[in-house]
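Asks: Enclosed is the structure file run-v8.cif (mmCIF, C-alpha atoms and all ligand atoms).
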data_upload
#
loop_
_atom_site.label_atom_id
_atom_site.label_comp_id
_atom_site.auth_asym_id
_atom_site.auth_seq_id
_atom_site.Cartn_x
_atom_site.Cartn_y
_atom_site.Cartn_z
CA MET Y 1 127.13 -164.10 18.09
CA THR Y 2 126.10 -160.94 16.26
CA VAL Y 3 128.11 -159.16 13.58
CA ALA Y 4 128.83 -156.36 16.09
CA GLU Y 5 130.22 -158.87 18.61
CA LEU Y 6 132.34 -160.48 15.89
CA GLN Y 7 133.66 -157.10 14.79
CA ALA Y 8 134.68 -156.22 18.36
CA ALA Y 9 136.19 -159.64 19.12
CA LEU Y 10 138.37 -159.65 15.99
CA SER Y 11 139.09 -155.88 16.10
CA LEU Y 12 137.82 -155.43 12.57
CA GLU Y 13 137.70 -152.07 10.86
CA VAL Y 14 134.10 -151.07 10.01
CA LEU Y 15 133.83 -149.88 6.40
CA VAL Y 16 130.04 -150.11 6.13
CA GLU Y 17 127.92 -150.55 9.23
CA GLY Y 18 124.76 -152.16 7.83
CA ASP Y 19 122.80 -154.54 10.00
CA MET Y 20 125.28 -155.27 12.79
CA THR Y 21 122.62 -157.02 14.86
CA ARG Y 22 122.50 -159.94 12.41
CA GLU Y 23 123.39 -163.31 13.91
CA VAL Y 24 126.54 -165.03 12.51
CA SER Y 25 126.04 -168.78 12.31
CA GLY Y 26 129.18 -169.86 10.44
CA GLY Y 27 131.88 -168.81 8.03
CA TYR Y 28 132.94 -169.22 4.42
CA CYS Y 29 136.23 -168.33 2.72
CA GLY Y 30 136.68 -167.81 -1.01
CA ASP Y 31 137.13 -165.29 -3.80
CA LEU Y 32 135.27 -166.99 -6.64
CA LEU Y 33 131.71 -165.68 -6.55
CA SER Y 34 129.96 -168.78 -7.90
CA TRP Y 35 131.69 -170.96 -5.32
CA VAL Y 36 130.39 -168.69 -2.61
CA MET Y 37 126.86 -168.80 -4.02
CA GLY Y 38 127.05 -172.56 -4.32
CA ARG Y 39 128.62 -173.38 -0.96
CA ALA Y 40 128.21 -170.59 1.58
CA ARG Y 41 125.20 -170.82 3.87
CA SER Y 42 122.73 -168.17 4.89
CA GLY Y 43 124.10 -166.36 7.96
CA ASP Y 44 127.78 -167.09 7.23
CA ALA Y 45 130.47 -164.46 7.69
CA TRP Y 46 132.17 -164.40 4.27
CA ILE Y 47 135.91 -163.77 4.29
CA THR Y 48 137.39 -162.68 0.95
CA VAL Y 49 139.69 -160.26 -0.87
CA MET Y 50 136.91 -159.34 -3.34
CA GLY Y 51 135.73 -155.82 -2.55
CA ASN Y 52 133.72 -155.11 -5.71
CA VAL Y 53 130.03 -154.46 -6.27
CA ASN Y 54 129.46 -158.03 -7.39
CA ALA Y 55 130.67 -159.32 -4.04
CA ILE Y 56 128.00 -157.18 -2.39
CA ALA Y 57 125.40 -158.57 -4.78
CA VAL Y 58 126.48 -162.06 -3.72
CA CYS Y 59 126.07 -161.11 -0.03
CA VAL Y 60 122.54 -159.92 -0.76
CA LEU Y 61 121.48 -162.91 -2.85
CA ALA Y 62 123.24 -165.62 -0.83
CA ASP Y 63 122.09 -163.95 2.40
CA THR Y 64 125.45 -163.92 4.18
CA ALA Y 65 125.61 -162.08 7.52
CA CYS Y 66 128.54 -159.84 6.60
CA LEU Y 67 131.53 -159.39 4.31
CA ILE Y 68 135.02 -159.45 5.85
CA LEU Y 69 137.83 -158.16 3.65
CA SER Y 70 141.12 -159.84 4.51
CA ASP Y 71 144.70 -158.70 3.77
CA ALA Y 72 143.54 -155.06 3.95
CA SER Y 73 141.84 -155.47 0.56
CA PRO Y 74 140.17 -152.41 -0.93
CA LEU Y 75 136.42 -151.82 -1.10
CA ASP Y 76 135.59 -149.88 -4.25
CA ASP Y 77 133.15 -146.94 -4.31
CA ALA Y 78 130.34 -148.74 -6.13
CA ALA Y 79 130.58 -151.61 -3.66
CA ARG Y 80 130.48 -149.25 -0.68
CA ALA Y 81 127.38 -147.49 -2.04
CA ARG Y 82 125.60 -150.78 -2.73
CA ALA Y 83 126.49 -152.18 0.70
CA GLN Y 84 125.12 -149.04 2.35
CA ALA Y 85 121.90 -149.26 0.34
CA GLU Y 86 121.48 -152.95 1.16
CA GLU Y 87 122.63 -152.61 4.79
CA ILE Y 88 125.34 -155.22 4.36
CA PRO Y 89 128.03 -154.89 7.06
CA VAL Y 90 131.50 -154.68 5.48
CA LEU Y 91 134.44 -155.21 7.82
CA ARG Y 92 138.17 -155.31 7.19
CA SER Y 93 141.39 -156.62 8.67
CA ASP Y 94 145.12 -156.64 7.89
CA LYS Y 95 145.14 -160.34 8.67
CA ASN Y 96 144.89 -162.94 5.95
CA THR Y 97 141.93 -165.16 5.22
CA TYR Y 98 143.42 -168.18 7.00
CA THR Y 99 144.12 -166.30 10.21
CA LEU Y 100 140.69 -164.69 10.25
CA ALA Y 101 138.99 -168.04 9.67
CA VAL Y 102 140.90 -169.62 12.57
CA GLU Y 103 139.97 -166.73 14.87
CA LEU Y 104 136.34 -166.86 13.74
CA SER Y 105 136.14 -170.58 14.37
CA ARG Y 106 137.34 -170.06 17.97
CA LEU Y 107 134.44 -167.66 18.51
CA LEU Y 108 131.70 -169.79 17.05
CA PRO Y 109 130.18 -172.73 18.92
CA SER Y 110 131.32 -175.92 17.21
CA MET W 1 97.79 -164.83 -7.33
CA SER W 2 99.99 -164.61 -10.40
CA ILE W 3 102.59 -161.89 -10.86
CA GLN W 4 104.58 -161.35 -14.05
CA LEU W 5 107.76 -159.30 -14.00
CA HIS W 6 109.93 -158.23 -16.93
CA TYR W 7 113.51 -156.95 -16.87
CA VAL W 8 116.05 -155.88 -19.46
CA VAL W 9 119.58 -156.99 -18.54
CA PRO W 10 122.16 -154.68 -20.14
CA GLY W 11 125.23 -156.30 -21.68
CA ASP W 12 128.78 -155.83 -20.39
CA ASP W 13 127.69 -153.86 -17.34
CA PHE W 14 128.82 -155.79 -14.30
CA THR W 15 127.81 -153.08 -11.89
CA ARG W 16 124.16 -153.39 -12.94
CA ALA W 17 124.07 -157.17 -13.14
CA GLY W 18 122.10 -158.36 -10.16
CA GLU W 19 119.51 -155.60 -10.32
CA ALA W 20 116.84 -157.90 -11.75
CA SER W 21 117.52 -160.76 -9.33
CA GLY W 22 117.74 -158.26 -6.47
CA ALA W 23 114.34 -156.83 -7.41
CA VAL W 24 112.80 -160.31 -7.59
CA LYS W 25 114.26 -161.10 -4.18
CA THR W 26 112.64 -157.98 -2.73
CA THR W 27 109.28 -158.82 -4.33
CA LEU W 28 109.31 -162.40 -3.03
CA LYS W 29 110.18 -161.13 0.44
CA GLN W 30 107.24 -158.69 0.37
CA LEU W 31 104.96 -161.53 -0.74
CA GLY W 32 106.07 -163.56 2.27
CA PHE W 33 107.93 -166.40 0.52
CA ARG W 34 110.18 -168.56 2.71
CA PRO W 35 113.82 -167.36 3.00
CA ASP W 36 115.26 -170.61 1.60
CA VAL W 37 113.00 -170.41 -1.46
CA ILE W 38 113.92 -166.75 -2.01
CA ARG W 39 117.61 -167.60 -1.73
CA ARG W 40 117.36 -170.38 -4.33
CA VAL W 41 115.50 -168.14 -6.78
CA ALA W 42 117.86 -165.21 -6.21
CA ILE W 43 121.07 -167.18 -6.72
CA ALA W 44 119.84 -169.12 -9.76
CA MET W 45 118.56 -165.95 -11.41
CA TYR W 46 121.75 -164.00 -10.65
CA GLU W 47 123.90 -166.72 -12.21
CA GLY W 48 121.69 -166.61 -15.30
CA GLU W 49 121.79 -162.83 -15.43
CA ILE W 50 125.56 -162.76 -15.11
CA ASN W 51 125.85 -165.32 -17.89
CA MET W 52 123.82 -163.10 -20.21
CA VAL W 53 126.06 -160.15 -19.33
CA ILE W 54 129.35 -162.03 -19.74
CA HIS W 55 128.59 -164.42 -22.56
CA ALA W 56 125.68 -162.97 -24.55
CA GLY W 57 125.83 -159.15 -24.52
CA GLY W 58 122.80 -158.92 -22.25
CA GLY W 59 119.23 -160.15 -22.60
CA GLU W 60 115.84 -160.18 -20.99
CA ALA W 61 114.30 -161.82 -17.95
CA ASP W 62 110.65 -162.77 -17.49
CA VAL W 63 109.58 -163.95 -14.08
CA GLU W 64 106.26 -165.52 -13.16
CA ILE W 65 105.41 -165.81 -9.49
CA LEU W 66 102.72 -168.26 -8.38
CA PRO W 67 102.07 -169.21 -4.74
CA ASP W 68 103.73 -172.61 -5.19
CA CYS W 69 106.20 -171.98 -8.02
CA VAL W 70 108.52 -169.30 -9.40
CA THR W 71 109.46 -169.52 -13.10
CA ILE W 72 112.34 -167.55 -14.60
CA LEU W 73 112.75 -167.28 -18.36
CA LEU W 74 116.03 -165.77 -19.57
CA THR W 75 116.30 -164.90 -23.26
CA ASP W 76 119.35 -163.61 -25.08
CA HIS W 77 120.53 -163.10 -28.64
CA GLY W 78 124.12 -164.03 -27.96
CA PRO W 79 126.35 -166.63 -29.65
CA GLY W 80 124.53 -169.68 -28.25
CA ILE W 81 126.15 -172.59 -26.43
CA PRO W 82 127.90 -175.11 -28.72
CA ASP W 83 127.90 -178.00 -26.24
CA VAL W 84 125.40 -177.69 -23.40
CA GLU W 85 126.53 -180.88 -21.67
CA GLN W 86 130.09 -179.55 -21.52
CA ALA W 87 128.88 -176.12 -20.35
CA MET W 88 127.01 -177.80 -17.48
CA GLN W 89 130.23 -179.39 -16.14
CA GLU W 90 131.64 -177.89 -12.95
CA GLY W 91 134.65 -175.74 -13.82
CA PHE W 92 134.00 -175.39 -17.56
CA SER W 93 134.22 -171.74 -18.56
CA THR W 94 135.01 -169.64 -21.62
CA ALA W 95 135.01 -166.42 -19.57
CA PRO W 96 137.82 -164.00 -20.48
CA GLU W 97 140.57 -162.94 -18.09
CA ASN W 98 139.07 -159.52 -17.23
CA VAL W 99 135.86 -161.22 -16.09
CA ARG W 100 137.77 -163.75 -14.00
CA ASN W 101 139.52 -160.91 -12.20
CA LEU W 102 136.11 -159.75 -10.97
CA GLY W 103 135.53 -163.15 -9.35
CA PHE W 104 133.36 -164.61 -12.11
CA GLY W 105 134.25 -167.33 -14.60
CA ALA W 106 134.65 -170.19 -12.13
CA GLY W 107 132.52 -172.36 -14.39
CA MET W 108 130.11 -172.97 -11.50
CA GLY W 109 127.20 -170.84 -12.71
CA LEU W 110 125.21 -173.45 -14.62
CA PRO W 111 125.93 -176.13 -11.96
CA ASN W 112 124.63 -173.70 -9.32
CA ILE W 113 121.48 -173.07 -11.36
CA LYS W 114 120.95 -176.81 -11.63
CA LYS W 115 121.54 -177.23 -7.90
CA TYR W 116 119.11 -174.54 -6.77
CA THR W 117 116.24 -175.10 -9.23
CA ASP W 118 113.71 -177.91 -9.63
CA THR W 119 113.68 -177.78 -13.41
CA LEU W 120 116.11 -176.28 -15.94
CA ASP W 121 115.56 -176.27 -19.70
CA ILE W 122 118.13 -174.79 -22.05
CA GLU W 123 117.28 -174.10 -25.69
CA THR W 124 120.20 -172.73 -27.62
CA GLU W 125 121.15 -172.17 -31.24
CA ILE W 126 124.54 -171.09 -32.50
CA GLY W 127 124.48 -167.50 -33.73
CA VAL W 128 120.85 -167.04 -32.66
CA GLY W 129 120.79 -167.09 -28.88
CA THR W 130 119.85 -168.95 -25.74
CA ARG W 131 116.62 -169.39 -23.77
CA MET W 132 116.85 -170.72 -20.28
CA ARG W 133 113.72 -171.64 -18.35
CA MET W 134 114.08 -172.51 -14.69
CA THR W 135 111.56 -173.18 -11.97
CA VAL W 136 111.79 -173.22 -8.22
CA ARG W 137 108.93 -174.96 -6.45
CA VAL W 138 107.74 -174.15 -2.98
CA THR W 139 107.62 -177.49 -1.23
CA GLU W 140 106.64 -178.30 2.32
CA GLY W 141 109.18 -177.62 5.08
N1 LIG Y 201 123.75 -167.17 -22.06
C1 LIG Y 201 124.84 -167.77 -22.56
N2 LIG Y 201 125.22 -167.56 -23.85
C2 LIG Y 201 126.31 -168.16 -24.36
N3 LIG Y 201 127.13 -168.99 -23.66
C3 LIG Y 201 126.80 -169.23 -22.38
C4 LIG Y 201 125.66 -168.65 -21.75
N4 LIG Y 201 125.59 -169.09 -20.48
C5 LIG Y 201 126.64 -169.92 -20.31
N5 LIG Y 201 127.38 -170.02 -21.44
C6 LIG Y 201 128.56 -170.87 -21.67
O1 LIG Y 201 128.60 -171.87 -20.65
C7 LIG Y 201 129.83 -171.78 -19.92
C8 LIG Y 201 129.62 -172.21 -18.48
O2 LIG Y 201 128.74 -171.28 -17.82
P1 LIG Y 201 128.86 -171.13 -16.24
O3 LIG Y 201 128.72 -172.47 -15.62
O4 LIG Y 201 127.90 -170.08 -15.80
O5 LIG Y 201 130.35 -170.66 -16.01
P2 LIG Y 201 131.05 -169.22 -16.21
O6 LIG Y 201 129.97 -168.22 -16.46
O7 LIG Y 201 131.75 -169.02 -14.93
O8 LIG Y 201 131.97 -169.36 -17.38
C9 LIG Y 201 130.28 -170.36 -20.12
O9 LIG Y 201 131.66 -170.18 -19.90
C10 LIG Y 201 129.87 -170.10 -21.55
O10 LIG Y 201 130.80 -170.67 -22.44
MG MG Y 202 128.36 -168.08 -15.22
#
What is this structure when it is put down as structure tokens?
Replies:
Amino acid sequence: MTVAELQAALSLEVLVEGDMTREVSGGYCGDLLSWVMGRARSGDAWITVMGNVNAIAVCVLADTACLILSDASPLDDAARARAQAEEIPVLRSDKNTYTLAVELSRLLPS
Amino acid sequence: MSIQLHYVVPGDDFTRAGEASGAVKTTLKQLGFRPDVIRRVAIAMYEGEINMVIHAGGGEADVEILPDCVTILLTDHGPGIPDVEQAMQEGFSTAPENVRNLGFGAGMGLPNIKKYTDTLDIETEIGVGTRMRMTVRVTEG
């Protein structure tokens, strides 16, 4: 499933388009950046409330497929600019992290 | 082929932290390194960079790229690490509250560096600073 397909299936708001053709192979939930760098896998959709520039840096370095902001969390201006420059898709939902993870897991082949 | 890169990592600027590791990532990609090797280098270096920003008022990064090995040397003139063994423990952190609110300070930085590198050497002296040398080898597979 691509990021674009995921965005459509979960009705996510698109904050930064980025590379929506990227394949999503799994998911990771968490707000502590070092945990994400230590445990998320390349190609994961990362669900978090952290919408700062450091979260975008983590997406770039840990090679996640996209960032999904849960609970309608804000994306700050520096983060938006960095995500645009790095072509990282940033999506958002009113739903919480748990609900999004459950919905994502239904979409992904187990 | 041998490429040397040098970066200055400014202290207390969390928006710029990650520039050096991001640049190294881009260079390794252009040189055709494997994605998993690039990822290990990028994450280990970012954790080290962030540590210099949070704990040491900034520092410098020297990177040497060889076909089969990437070496990262991080040097700072911060307070030093009193107990390296303790600092290496998962969850140990002296990061202040404002830094934790940004998502840092989980005490997983040094463990991540250890996890993603093949060698890690830490030389540190109280009141003088810290030098961290890490290598990531390109192995078969
Ligand atoms: N460059 C450094 N200078 C001084 N202290 C450091 C440095 N790097 C790490 N430390 C110390 O080691 C601890 C653990 O580091 P780390 O595992 O990266 O966790 P965190 O950065 O989340 O606190 C830090 O909280 C700090 O006390
Ligand atoms: Mg750290």
Asks: Would you mind reading off the distance between CA of Leu91 in chain Y and CA of Val14 in chain Y, one decimal, in Å?
Replies: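 CA of Val14 in chain Y lies at a distance of 4.7 Å from CA of Leu91 in chain Y.
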Asks: Considering only C-alpha atoms, return as a list of chain:residue names whatever protein or nucleic-acid residues lie within 8 Å of range 127-132 of chain W, sequence-local ones (same chain, fewer than 2 positions apart) excluded.
Replies: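 Counting only the stated atoms, we get W:Ala56, W:Ile72, W:Leu73, W:Leu74, W:Thr75, W:Asp76, W:His77, W:Gly78, W:Pro79, W:Gly80, W:Ile81, W:Leu120, W:Asp121, W:Ile122, W:Glu123, W:Thr124, W:Glu125, W:Met134.
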Asks: As a quick test: using only C-alpha atoms and all ligand atoms, which residues lie no more than 9 Å away from ligand LIG 201 (chain Y)? Give them as a PyMOL selection string.
Replies: (chain Y and resi 34) or (chain W and resi 47-59+74-84+86-96+99-100+103-113+124+126+129-132)
Asks: Y:Ala9, Y:Gly38, Y:Ile68, Y:Asp94: which is nearest ligand MG 202 (chain Y), counting only C-alpha atoms and all ligand atoms?
Replies: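 Using only C-alpha atoms and all ligand atoms, ligand MG 202 (chain Y) sits closest to Y:Gly38.
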Asks: Please determine, counting only C-alpha atoms and all ligand atoms, which residue among W:Val24, W:Ile43, W:Met1, W:Leu31 has the shortest atom-to-atom distance to ligand MG 202 (chain Y).
Replies: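 When distances to ligand MG 202 (chain Y) are compared using only C-alpha atoms and all ligand atoms, the smallest one comes from W:Ile43.
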Asks: Take CA of Thr71 in chain W and CA of Glu86 in chain Y and report the distance between them in Å, one decimal.
Replies: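 Taking CA of Thr71 in chain W and CA of Glu86 in chain Y, their separation equals 24.9 Å.
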Asks: In Å, how far is it from CA of Asp68 in chain W to CA of Ile3 in chain W?
Replies: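 Result for CA of Asp68 in chain W versus CA of Ile3 in chain W: 12.2 Å, one decimal.
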Asks: Compare Y:Cys29, Y:Ala62, Y:Ala40, Y:Ala45 by their minimum atom-to-atom distance to Ser21 in chain W, counting only C-alpha atoms, and give me the closest one.
Replies: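 Selected residue with least distance to Ser21 in chain W: Y:Ala62.
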Asks: Using only C-alpha atoms, pick whichever of W:Met45, W:Thr139, W:Phe14, W:Leu5 has the shortest atom-to-atom distance to Phe33 in chain W.
Replies: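 Distance minimum relative to Phe33 in chain W lands on W:Thr139.
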Asks: Using only C-alpha atoms and all ligand atoms, can you tell me which of W:Ala17, W:Val136, W:Val8, W:Leu28 comes closest to ligand MG 202 (chain Y)?
Replies: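 Distance minimum relative to ligand MG 202 (chain Y) lands on W:Ala17.
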Asks: Quick one: of Y:Pro89, Y:Pro109, Y:Pro74, Y:Gly51, who's nearest to chain W, counting only C-alpha atoms?
Replies: Y:Gly51
Asks: Output as an MDAnalysis selection string the set of chain Y residues within 9 Å of chain W, with distances taken over all atoms listed in the file.
Replies: chainID Y and resid 31:35 37:38 42 50 52:55 57:58 60:63 78:79
Asks: Pull the neighbourhood of (129.8, -157.5, 6.6) for me: all residues within 12 Å in file coordinates, counting all atoms listed in the file, as a compact mmCIF listing (two decimals) with C-alpha atoms, in the coordinates of the input.
Replies:
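The result, stored in selection-v9.txt:
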# COMPACT_ATOMS: atom_id res chain seq x y z
CA THR Y 2 126.10 -160.94 16.26
CA VAL Y 3 128.11 -159.16 13.58
CA ALA Y 4 128.83 -156.36 16.09
CA LEU Y 6 132.34 -160.48 15.89
CA GLN Y 7 133.66 -157.10 14.79
CA LEU Y 12 137.82 -155.43 12.57
CA GLU Y 13 137.70 -152.07 10.86
CA VAL Y 14 134.10 -151.07 10.01
CA LEU Y 15 133.83 -149.88 6.40
CA VAL Y 16 130.04 -150.11 6.13
CA GLU Y 17 127.92 -150.55 9.23
CA GLY Y 18 124.76 -152.16 7.83
CA ASP Y 19 122.80 -154.54 10.00
CA MET Y 20 125.28 -155.27 12.79
CA THR Y 21 122.62 -157.02 14.86
CA ARG Y 22 122.50 -159.94 12.41
CA GLU Y 23 123.39 -163.31 13.91
CA VAL Y 24 126.54 -165.03 12.51
CA GLY Y 27 131.88 -168.81 8.03
CA GLY Y 43 124.10 -166.36 7.96
CA ASP Y 44 127.78 -167.09 7.23
CA ALA Y 45 130.47 -164.46 7.69
CA TRP Y 46 132.17 -164.40 4.27
CA ILE Y 47 135.91 -163.77 4.29
CA THR Y 48 137.39 -162.68 0.95
CA GLY Y 51 135.73 -155.82 -2.55
CA ALA Y 55 130.67 -159.32 -4.04
CA ILE Y 56 128.00 -157.18 -2.39
CA VAL Y 58 126.48 -162.06 -3.72
CA CYS Y 59 126.07 -161.11 -0.03
CA VAL Y 60 122.54 -159.92 -0.76
CA ASP Y 63 122.09 -163.95 2.40
CA THR Y 64 125.45 -163.92 4.18
CA ALA Y 65 125.61 -162.08 7.52
CA CYS Y 66 128.54 -159.84 6.60
CA LEU Y 67 131.53 -159.39 4.31
CA ILE Y 68 135.02 -159.45 5.85
CA LEU Y 69 137.83 -158.16 3.65
CA SER Y 70 141.12 -159.84 4.51
CA LEU Y 75 136.42 -151.82 -1.10
CA ALA Y 79 130.58 -151.61 -3.66
CA ARG Y 80 130.48 -149.25 -0.68
CA ALA Y 83 126.49 -152.18 0.70
CA GLN Y 84 125.12 -149.04 2.35
CA GLU Y 86 121.48 -152.95 1.16
CA GLU Y 87 122.63 -152.61 4.79
CA ILE Y 88 125.34 -155.22 4.36
CA PRO Y 89 128.03 -154.89 7.06
CA VAL Y 90 131.50 -154.68 5.48
CA LEU Y 91 134.44 -155.21 7.82
CA ARG Y 92 138.17 -155.31 7.19
CA SER Y 93 141.39 -156.62 8.67
